Structures are given as C-alpha cells and as structure tokens.
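Heads up, query_3.tsv below (TSV, C-alpha atoms):
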chain	number	residue	atom	x	y	z
Y	101	MET	CA	119.60	102.80	118.80
Y	102	ILE	CA	117.31	101.15	116.24
Y	103	CYS	CA	118.90	99.66	113.10
Y	104	CYS	CA	118.28	100.72	109.48
Y	105	LYS	CA	115.77	97.93	108.90
Y	106	GLU	CA	113.61	98.92	111.85
Y	107	CYS	CA	113.84	102.51	110.69
Y	108	LEU	CA	112.93	101.89	107.03
Y	109	ASP	CA	110.12	99.48	107.95
Y	110	LEU	CA	108.44	102.35	109.78
Y	111	LEU	CA	109.12	105.04	107.18
Y	112	SER	CA	105.60	105.24	105.71
Y	113	ASP	CA	104.00	105.32	109.16
Y	114	TYR	CA	106.47	108.04	110.13
Y	115	LEU	CA	105.74	110.20	107.07
Y	116	ASP	CA	101.98	109.64	107.28
Y	117	GLY	CA	101.97	110.73	110.93
Y	118	ASP	CA	100.86	107.30	112.15
Y	119	LEU	CA	103.72	106.72	114.60
Y	120	ASP	CA	103.58	107.30	118.33
Y	121	PRO	CA	105.95	110.05	119.58
Y	122	LYS	CA	108.39	107.57	121.12
Y	123	SER	CA	108.89	105.66	117.84
Y	124	SER	CA	109.14	108.91	115.87
Y	125	ALA	CA	111.87	110.10	118.22
Y	126	ALA	CA	113.72	106.79	117.78
Y	127	LEU	CA	113.64	107.23	113.99
Y	128	GLU	CA	114.85	110.80	114.22
Y	129	GLU	CA	117.68	109.73	116.51
Y	130	HIS	CA	118.68	107.11	113.93
Y	131	PHE	CA	118.60	109.66	111.09
Y	132	GLN	CA	121.02	111.91	112.99
Y	133	ASP	CA	123.71	109.24	112.87
Y	134	CYS	CA	122.90	107.56	109.55
Y	135	PRO	CA	123.42	109.54	106.31
Y	136	PRO	CA	122.34	106.56	104.12
Y	137	CYS	CA	118.95	106.52	105.87
Y	138	ILE	CA	118.62	110.30	105.40
Y	139	ALA	CA	119.30	109.78	101.68
Y	140	PHE	CA	116.76	106.95	101.70
Y	141	LEU	CA	114.18	109.12	103.47
Y	142	ASN	CA	114.65	112.00	101.02
Y	143	THR	CA	114.46	109.85	97.89
Y	144	PHE	CA	111.52	107.88	99.32
Y	145	LYS	CA	109.56	111.10	99.92
Y	146	THR	CA	110.51	112.48	96.50
Y	147	SER	CA	109.53	109.27	94.65
Y	148	THR	CA	106.05	109.32	96.12
Y	149	HIS	CA	105.73	113.04	95.43
Y	150	ILE	CA	106.77	112.90	91.77
Y	151	CYS	CA	104.62	109.84	91.06
Y	152	ARG	CA	101.63	111.68	92.51
Y	153	GLU	CA	102.46	114.84	90.53
Y	154	THR	CA	102.77	112.90	87.28
Y	155	LEU	CA	99.80	110.56	87.64
Y	156	SER	CA	97.33	113.04	89.06
Y	157	GLN	CA	97.56	115.14	85.89
Y	158	VAL	CA	95.11	112.87	84.05
Y	159	GLU	CA	92.35	114.89	82.40
Y	160	ILE	CA	89.57	113.58	80.18
Y	161	PRO	CA	90.49	114.56	76.60
Y	162	GLU	CA	87.91	116.81	74.96
Y	163	ILE	CA	86.96	114.22	72.36
Y	164	VAL	CA	86.33	111.65	75.10
Y	165	GLN	CA	84.19	114.16	77.01
Y	166	VAL	CA	82.02	114.64	73.93
Y	167	LYS	CA	81.69	110.88	73.46
Y	168	LEU	CA	80.79	110.34	77.10
Y	169	LYS	CA	78.07	112.95	76.89
Y	170	GLU	CA	76.65	111.35	73.74
Y	171	PHE	CA	76.82	107.95	75.37
Y	172	ILE	CA	74.98	109.12	78.47
Y	173	THR	CA	72.25	110.85	76.47
Y	174	GLU	CA	71.81	107.87	74.19
Y	175	ASN	CA	71.60	105.35	76.99
Y	176	THR	CA	69.48	107.24	79.45
Y	177	ARG	CA	67.12	109.27	77.22
Y	178	LYS	CA	66.47	106.87	74.37
Y	179	LYS	CA	63.36	105.23	75.72
Y	180	ALA	CA	61.90	108.41	77.20
G	279	MET	CA	88.14	120.44	102.70
G	280	SER	CA	86.94	121.23	106.22
G	281	PHE	CA	84.90	118.76	108.21
G	282	THR	CA	81.68	120.82	107.78
G	283	GLN	CA	82.17	121.15	104.03
G	284	ASP	CA	82.95	117.46	103.87
G	285	LYS	CA	79.75	116.63	105.74
G	286	GLU	CA	77.70	118.98	103.58
G	287	ALA	CA	79.10	117.48	100.36
G	288	LYS	CA	78.34	114.00	101.68
G	289	GLU	CA	74.74	114.94	102.53
G	290	ALA	CA	74.23	116.61	99.14
G	291	GLU	CA	75.51	113.45	97.48
G	292	GLU	CA	73.15	111.27	99.52
G	293	VAL	CA	70.23	113.43	98.37
G	294	LEU	CA	71.36	113.06	94.73
G	295	VAL	CA	71.64	109.29	95.08
G	296	ARG	CA	68.14	109.05	96.57
G	297	GLU	CA	66.77	111.22	93.76
G	298	LEU	CA	68.47	109.03	91.20
G	299	GLN	CA	67.04	105.92	92.86
G	300	ALA	CA	63.63	107.57	92.45
G	301	GLY	CA	64.32	107.92	88.73
G	302	ASN	CA	65.39	111.58	88.51
G	303	LEU	CA	67.55	112.02	85.40
G	304	GLU	CA	68.87	115.43	86.44
G	305	ALA	CA	70.30	113.81	89.54
G	306	TYR	CA	71.97	111.24	87.31
G	307	ASP	CA	73.57	113.95	85.17
G	308	LYS	CA	74.96	115.63	88.27
G	309	ILE	CA	76.35	112.35	89.60
G	310	ALA	CA	77.90	111.54	86.21
G	311	GLU	CA	79.45	115.01	86.14
G	312	LEU	CA	80.79	114.60	89.68
G	313	TYR	CA	82.33	111.20	89.07
G	314	GLN	CA	83.39	110.89	85.46
G	315	LYS	CA	86.80	112.49	85.95
G	316	LYS	CA	87.57	110.27	88.94
G	317	ILE	CA	86.43	107.16	87.06
G	318	TYR	CA	88.42	108.09	83.97
G	319	ALA	CA	91.60	108.98	85.88
G	320	LEU	CA	91.56	105.73	87.87
G	321	SER	CA	90.83	103.67	84.73
G	322	PHE	CA	93.55	105.44	82.79
G	323	ASN	CA	96.15	104.99	85.52
G	324	LEU	CA	95.32	101.27	85.70
G	325	THR	CA	95.23	100.59	81.95
G	326	ARG	CA	97.42	103.44	80.58
G	327	ASN	CA	95.23	103.49	77.49
G	328	GLN	CA	92.77	106.18	76.41
G	329	MET	CA	90.37	103.84	74.59
G	330	ASP	CA	90.22	101.42	77.51
G	331	ALA	CA	89.72	104.26	79.99
G	332	GLN	CA	86.90	105.64	77.84
G	333	ASP	CA	85.19	102.25	77.57
G	334	ILE	CA	85.51	101.60	81.30
G	335	THR	CA	84.14	105.06	82.13
G	336	GLN	CA	81.13	104.45	79.87
G	337	GLU	CA	80.54	101.04	81.39
G	338	VAL	CA	80.72	102.41	84.94
G	339	LEU	CA	78.42	105.35	84.18
G	340	LEU	CA	75.91	102.92	82.70
G	341	THR	CA	76.19	100.59	85.69
G	342	ILE	CA	75.52	103.51	88.03
G	343	TYR	CA	72.38	104.29	86.01
G	344	LYS	CA	71.12	100.73	85.81
G	345	LYS	CA	72.19	99.36	89.18
G	346	VAL	CA	71.78	102.29	91.54
G	347	ASP	CA	68.82	100.43	93.07
G	348	THR	CA	71.19	97.77	94.33
G	349	PHE	CA	73.24	100.38	96.21
G	350	GLN	CA	72.10	100.00	99.81
G	351	GLY	CA	74.14	102.70	101.48
G	352	LYS	CA	76.13	100.33	103.67
G	353	SER	CA	79.32	102.01	102.50
G	354	ALA	CA	79.79	105.45	100.97
G	355	PHE	CA	78.40	105.88	97.44
G	356	SER	CA	81.88	106.89	96.25
G	357	SER	CA	83.31	103.58	97.54
G	358	TRP	CA	80.64	101.74	95.54
G	359	VAL	CA	81.60	103.70	92.40
G	360	TYR	CA	85.31	103.02	92.94
G	361	ARG	CA	84.59	99.30	93.36
G	362	ILE	CA	82.58	99.15	90.12
G	363	THR	CA	85.40	100.98	88.36
G	364	LEU	CA	88.05	98.58	89.67
G	365	ASN	CA	85.99	95.55	88.65
G	366	ALA	CA	85.48	96.93	85.15
G	367	ALA	CA	89.19	97.78	84.82
G	368	TYR	CA	90.27	94.32	86.00
G	369	MET	CA	87.89	92.60	83.59
G	370	ARG	CA	89.49	94.54	80.77
G	371	LEU	CA	93.05	93.96	81.94
G	372	ARG	CA	92.42	90.24	82.24
G	373	SER	CA	91.60	89.99	78.56
G	374	LYS	CA	94.94	91.55	77.63
G	375	LYS	CA	98.39	90.10	77.41
G	376	LYS	CA	100.17	90.62	80.67
G	377	GLU	CA	103.63	92.08	81.05
G	378	PRO	CA	105.85	89.73	83.03
G	379	ASN	CA	105.66	90.56	86.71
G	380	VAL	CA	108.61	92.24	88.34
G	381	SER	CA	109.40	90.68	91.68
G	382	LEU	CA	108.74	93.18	94.39
G	383	ASP	CA	110.98	91.45	96.90
G	384	ASP	CA	114.05	91.99	94.74
G	385	LEU	CA	113.51	95.71	94.95
G	386	LEU	CA	113.13	95.98	98.70
G	387	PRO	CA	116.09	97.36	100.72
G	388	SER	CA	118.80	94.86	101.61
G	389	TYR	CA	120.39	94.67	105.04
G	390	ASN	CA	123.35	92.94	106.66
G	391	GLY	CA	122.92	90.59	109.62
G	392	ALA	CA	122.81	93.51	112.07
G	393	GLY	CA	119.98	95.17	110.13
G	394	PHE	CA	122.06	97.95	108.55
G	395	GLN	CA	121.68	99.01	104.94
G	396	GLN	CA	124.04	97.24	102.59
G	397	GLU	CA	123.85	99.26	99.41
G	398	LYS	CA	125.15	102.71	98.77
G	399	ILE	CA	122.26	105.16	98.78
G	400	GLN	CA	122.61	108.26	96.63
G	401	ASP	CA	120.49	111.26	97.46
G	402	TRP	CA	119.04	112.43	94.13
G	403	SER	CA	116.00	114.07	95.71
G	404	GLU	CA	117.16	117.63	94.99
G	405	ASN	CA	117.44	117.10	91.24
G	406	THR	CA	114.02	116.05	90.11
G	407	GLU	CA	111.97	119.26	89.81
G	408	SER	CA	113.51	120.45	86.54
G	409	LEU	CA	113.00	117.01	85.03
G	410	LEU	CA	109.32	116.63	85.83
G	411	PHE	CA	108.11	118.25	82.63
G	412	ASP	CA	110.42	116.14	80.53
G	413	ASN	CA	108.64	113.39	78.55
G	414	GLU	CA	111.30	110.80	79.22
G	415	THR	CA	110.97	111.37	82.98
G	416	LYS	CA	107.20	111.20	82.77
G	417	GLU	CA	107.37	107.91	80.89
G	418	THR	CA	109.87	106.50	83.37
G	419	ILE	CA	107.58	107.39	86.27
G	420	GLN	CA	104.50	105.93	84.56
G	421	LYS	CA	106.37	102.76	83.66
G	422	ALA	CA	107.58	102.32	87.24
G	423	VAL	CA	104.00	102.55	88.53
G	424	ASP	CA	102.76	100.24	85.75
G	425	GLN	CA	105.28	97.62	86.84
G	426	LEU	CA	103.96	97.47	90.37
G	427	PRO	CA	102.18	94.19	91.14
G	428	GLU	CA	98.38	94.63	90.91
G	429	LYS	CA	97.69	94.50	94.66
G	430	GLU	CA	100.23	97.17	95.48
G	431	LYS	CA	99.44	99.29	92.43
G	432	VAL	CA	95.77	99.77	93.23
G	433	VAL	CA	96.54	100.76	96.82
G	434	PHE	CA	99.20	103.22	95.69
G	435	ILE	CA	96.92	104.83	93.09
G	436	LEU	CA	93.93	105.17	95.41
G	437	ARG	CA	95.90	106.33	98.43
G	438	ASP	CA	98.80	108.38	97.06
G	439	VAL	CA	97.57	109.50	93.63
G	440	GLU	CA	93.84	109.93	94.26
G	441	GLY	CA	94.60	111.11	97.79
G	442	LEU	CA	91.99	108.93	99.55
G	443	SER	CA	92.45	108.13	103.23
G	444	THR	CA	93.81	104.76	104.35
G	445	GLU	CA	90.41	103.99	105.90
G	446	LYS	CA	88.59	104.79	102.67
G	447	VAL	CA	90.95	102.56	100.67
G	448	SER	CA	90.41	99.75	103.16
G	449	GLU	CA	86.63	100.12	102.70
G	450	ILE	CA	86.85	100.10	98.89
G	451	LEU	CA	89.18	97.11	98.71
G	452	ASP	CA	87.68	95.30	101.68
G	453	LEU	CA	91.07	95.07	103.35
G	454	THR	CA	92.15	95.79	106.91
G	455	VAL	CA	93.89	99.11	107.57
G	456	PRO	CA	97.21	97.35	108.40
G	457	ALA	CA	96.99	95.44	105.08
G	458	VAL	CA	96.49	98.70	103.17
G	459	LYS	CA	99.43	100.29	105.00
G	460	SER	CA	101.68	97.34	104.33
G	461	ARG	CA	100.88	97.29	100.58
G	462	LEU	CA	101.32	101.04	100.36
G	463	HIS	CA	104.72	100.88	102.03
G	464	ARG	CA	105.89	98.10	99.70
G	465	ALA	CA	104.68	100.07	96.68
G	466	ARG	CA	106.57	103.17	97.80
G	467	LEU	CA	109.75	101.15	98.42
G	468	PHE	CA	109.45	99.62	94.96
G	469	LEU	CA	108.96	102.99	93.29
G	470	ARG	CA	111.88	104.57	95.15
G	471	LYS	CA	114.16	101.82	93.95
G	472	LYS	CA	112.89	101.90	90.35
G	473	LEU	CA	113.22	105.67	90.12
G	474	SER	CA	116.63	105.63	91.81
G	475	HIS	CA	118.12	103.86	88.79
G	476	TYR	CA	116.90	106.64	86.52
G	477	PHE	CA	117.73	109.65	88.67
G	478	GLU	CA	121.12	108.33	89.80
G	479	GLU	CA	122.10	107.87	86.19
G	480	TYR	CA	120.90	111.36	85.38
G	481	GLN	CA	122.88	112.76	88.29
G	482	SER	CA	126.10	110.99	87.31
G	483	ARG	CA	125.71	112.14	83.68
G	484	ARG	CA	125.34	115.69	84.90
G	485	GLU	CA	128.37	115.47	87.19
G	486	LYS	CA	130.54	114.23	84.34
G	487	LYS	CA	129.74	117.25	82.20

When written as structure tokens, how does the structure in this file appear?
Amino acid sequence: MICCKECLDLLSDYLDGDLDPKSSAALEEHFQDCPPCIAFLNTFKTSTHICRETLSQVEIPEIVQVKLKEFITENTRKKA
Amino acid sequence: MSFTQDKEAKEAEEVLVRELQAGNLEAYDKIAELYQKKIYALSFNLTRNQMDAQDITQEVLLTIYKKVDTFQGKSAFSSWVYRITLNAAYMRLRSKKKEPNVSLDDLLPSYNGAGFQQEKIQDWSENTESLLFDNETKETIQKAVDQLPEKEKVVFILRDVEGLSTEKVSEILDLTVPAVKSRLHRARLFLRKKLSHYFEEYQSRREKK
C-alpha cells in the first residue's frame, strides 16, 4: 500500500482527474485504511471550495463602473 | 460552455480584435465590456484594494486600446489581456510595502520516516457552510490567500478562482503544465493548513458549548 506522503502528493492530480486509473485506485485503497488522510482529503477539498466561493464574488462597485466608463470615453473619444 | 459555443465565442472575439486593430471604436467598447470585470476581479484579488484595482483596470483598458496593434495572435487574446493585467498589478505591488513572507514549507504536511502523517488531522469540512457569510470567516479566507507567496498565489487565483484550465494558466504565465500543477498543489496545501487553524478552533469552541 502507498504511504500518506505518496497519497497527499497526488491529491490535486486525483481531484482534478489527472491521475491514471491505477494510481487513483491506489489512493482510494489508502483512504479506506487511513482516516487521517480521509480527513485531509475532505478539508483539502473544502478549503479550495470556500476560497473559490469567497474570492469569486468580486464585483465592480457601481461608482467604479461609472469612473471606468468616463475614463474610457475620455481617453478614446477625446481626439475624435 | 460546450465546445461549439466555446469555438463560436472565440471566433467572435477574434473578429472584434481585428475590428479594433482596424480602429473600430465600437469593437473596443465591446472588448472593454467583455473584459473589465475579469481585469478588475484579478487586480482586486491580487491587491485587495479597490483604488488599486480601479487604477489597474484603467491602465489595462488603455493599454488594450493603445497597444492592440502589437498583439500578434500567437496566443489567445484573453491570455494577452491577463498578462498585461498581471504586469500592471505587479508594478503596483512592487511600489508598496511588503508583508513579511510566510514560509510555505512550514505549512506543508509533515511525515515520519515511513511517510505516514505525523499530525492529528481534524475533519472540519462539514462545518463551513453556515460560516461562509460571516465577515470574520471571509476575512480569514482572504487573508490566507493574501499570505500565499506570489508565485503560488497567481496560479491559485487564475486556476481555482477564475476557473481557467491548467493549460491556459501555463500559457499566460509561460510555465510548463507540471510547474503550474506543482504550484497549484502547494497553494492548496498551504490554504488547507491556514484555514484548519481557524475552523478547528471554531469547531472546538462549538463542542465546548
């Protein structure tokens, strides 16, 4: 059976679907017998998920949108 | 997005870029509209400052207008825009006082000689949903990402936050695919560890109640 290090080194490849079936099976076999690695897997997935959820909420504030529009008009139409 | 839609969007964008290169201002407006949110979001996530993100977005939109002639189509137009944005953001960050770097190696998993995990791993993954709208949690998450070393941070933001493919990120950053994957994995390990401190503490506070 592979050890924790081998398993955790391949975790991103495993979750991103970049592992060959044999290596994926080896990881899954390890998870069956290793609760700490299951906990690691779950918290690893959740960390990435909540960071994405939080950081992808960025919207341009209305005031900035107005300023950007003014800026574009001023810099591209001025000499016309 | 399906492959056909993807291809159609790409072709429509190529037409817009050619029109802009020919001096069509309507094409420029459409391109600015298409890209300003992406430029702003990336700038904001790198600088965590509204004024800086606004300035960078303006600078990038102006560069697109002035320098579109230098875009030769060797890579995707979007990759060119992302690269201009990153350069503008780095220029700005360089002029600011830097937070001391957190060592990434200290936050990687530790193993015993046989390669088995040494620390006790708590599973807090079930308890995060209700906390996500909480300001303290949001700040903790943002701070954890902000503390990532620059090389890992940009890969994490482009790949996991912006949702670009590994290949696209490798094109933008001029890195090999294995290099992108390795930086992404280190970033994710770092973030798991940083967030573990926060969520484990939350979990133990809740259990004590």

Write out as a tab-separated table the residues of chain Y that have any atom within 8 Å of an atom of chain G, one row each with the nearest atom pair and its distance in Å to one decimal, counting all atoms listed in the file, sorted by chain and then rising number.
residue	atom	partner	partner_atom	distance
Y:Cys103	CA	G:Gly393	CA	5.5
Y:Cys104	CA	G:Phe394	CA	4.8
Y:Lys105	CA	G:Gly393	CA	5.2
Y:Glu106	CA	G:Gly393	CA	7.6
Y:Leu111	CA	G:His463	CA	7.9
Y:Ser112	CA	G:His463	CA	5.8
Y:Asp113	CA	G:Lys459	CA	8.0
Y:Pro136	CA	G:Ile399	CA	5.5
Y:Cys137	CA	G:Ile399	CA	7.9
Y:Ala139	CA	G:Asp401	CA	4.6
Y:Phe140	CA	G:Ile399	CA	6.5
Y:Asn142	CA	G:Ser403	CA	5.9
Y:Thr143	CA	G:Ser403	CA	5.0
Y:Phe144	CA	G:Arg470	CA	5.3
Y:Thr146	CA	G:Ser403	CA	5.8
Y:Ser147	CA	G:Arg470	CA	5.3
Y:Thr148	CA	G:Arg466	CA	6.4
Y:Ile150	CA	G:Leu410	CA	7.5
Y:Cys151	CA	G:Ile419	CA	6.1
Y:Arg152	CA	G:Val439	CA	4.7
Y:Glu153	CA	G:Val439	CA	7.9
Y:Thr154	CA	G:Lys416	CA	6.5
Y:Leu155	CA	G:Val439	CA	6.5
Y:Ser156	CA	G:Val439	CA	5.8
Y:Val158	CA	G:Ala319	CA	5.5
Y:Glu159	CA	G:Ala319	CA	6.9
Y:Ile160	CA	G:Lys315	CA	6.5
Y:Val164	CA	G:Gln332	CA	6.6
Y:Leu168	CA	G:Gln336	CA	6.5
Y:Phe171	CA	G:Gln336	CA	7.1
Y:Ile172	CA	G:Leu340	CA	7.6
Y:Asn175	CA	G:Leu340	CA	7.6
Y:Thr176	CA	G:Tyr343	CA	7.8

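A straight line drawn from atom CA of Leu312 of chain G to atom CA of Glu291 of chain G is 9.5 Å long.
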
- Which residue, G:Lys288, G:Ile309, G:Tyr480, G:Leu294, has the smallest gap to Leu409 of chain G when you use only C-alpha atoms?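 Among the listed residues, the smallest separation from Leu409 of chain G belongs to G:Tyr480.
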
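The spacing separating atom CA of Ser357 of chain G from atom CA of Glu449 of chain G amounts to 7.0 Å.
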
- Record the distance separating atom CA of Phe131 of chain Y and atom CA of Leu108 of chain Y, expressed in Å with one decimal.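 If I compute the distance from atom CA of Phe131 of chain Y to atom CA of Leu108 of chain Y, I get 10.4 Å.
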
- Message: If we count all atoms listed in the file and set the cut-off at 9 Å, which residues sit around segment 427-429 of chain G, ignoring sequence neighbours fewer than 5 positions away in its own chain? Please answer as a list of chain:residue names.
- Response: G:Leu324, G:Asn379, G:Val380, G:Ser381, G:Leu382, G:Phe434, G:Arg461, G:Ala465

- Message: Residues within 12 Å of Lys345 of chain G, please, as a PyMOL selection string. Count all atoms listed in the file; anything in the same chain fewer than 5 positions from it doesn't count.
- Response: chain G and resi 295+298-299+301+337-340+350+358-359+362

- Message: What's around Ser448 of chain G at 9 Å? Count all atoms listed in the file, leave out sequence neighbours fewer than 5 positions away in its own chain, and write the answer as a VMD selection string.
- Response: chain G and resid 433 443 453 to 458

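Closest approach to Lys352 of chain G among G:Ile450, G:Gln481, G:Ala367, G:Ile334: G:Ile450, based on all atoms listed in the file.
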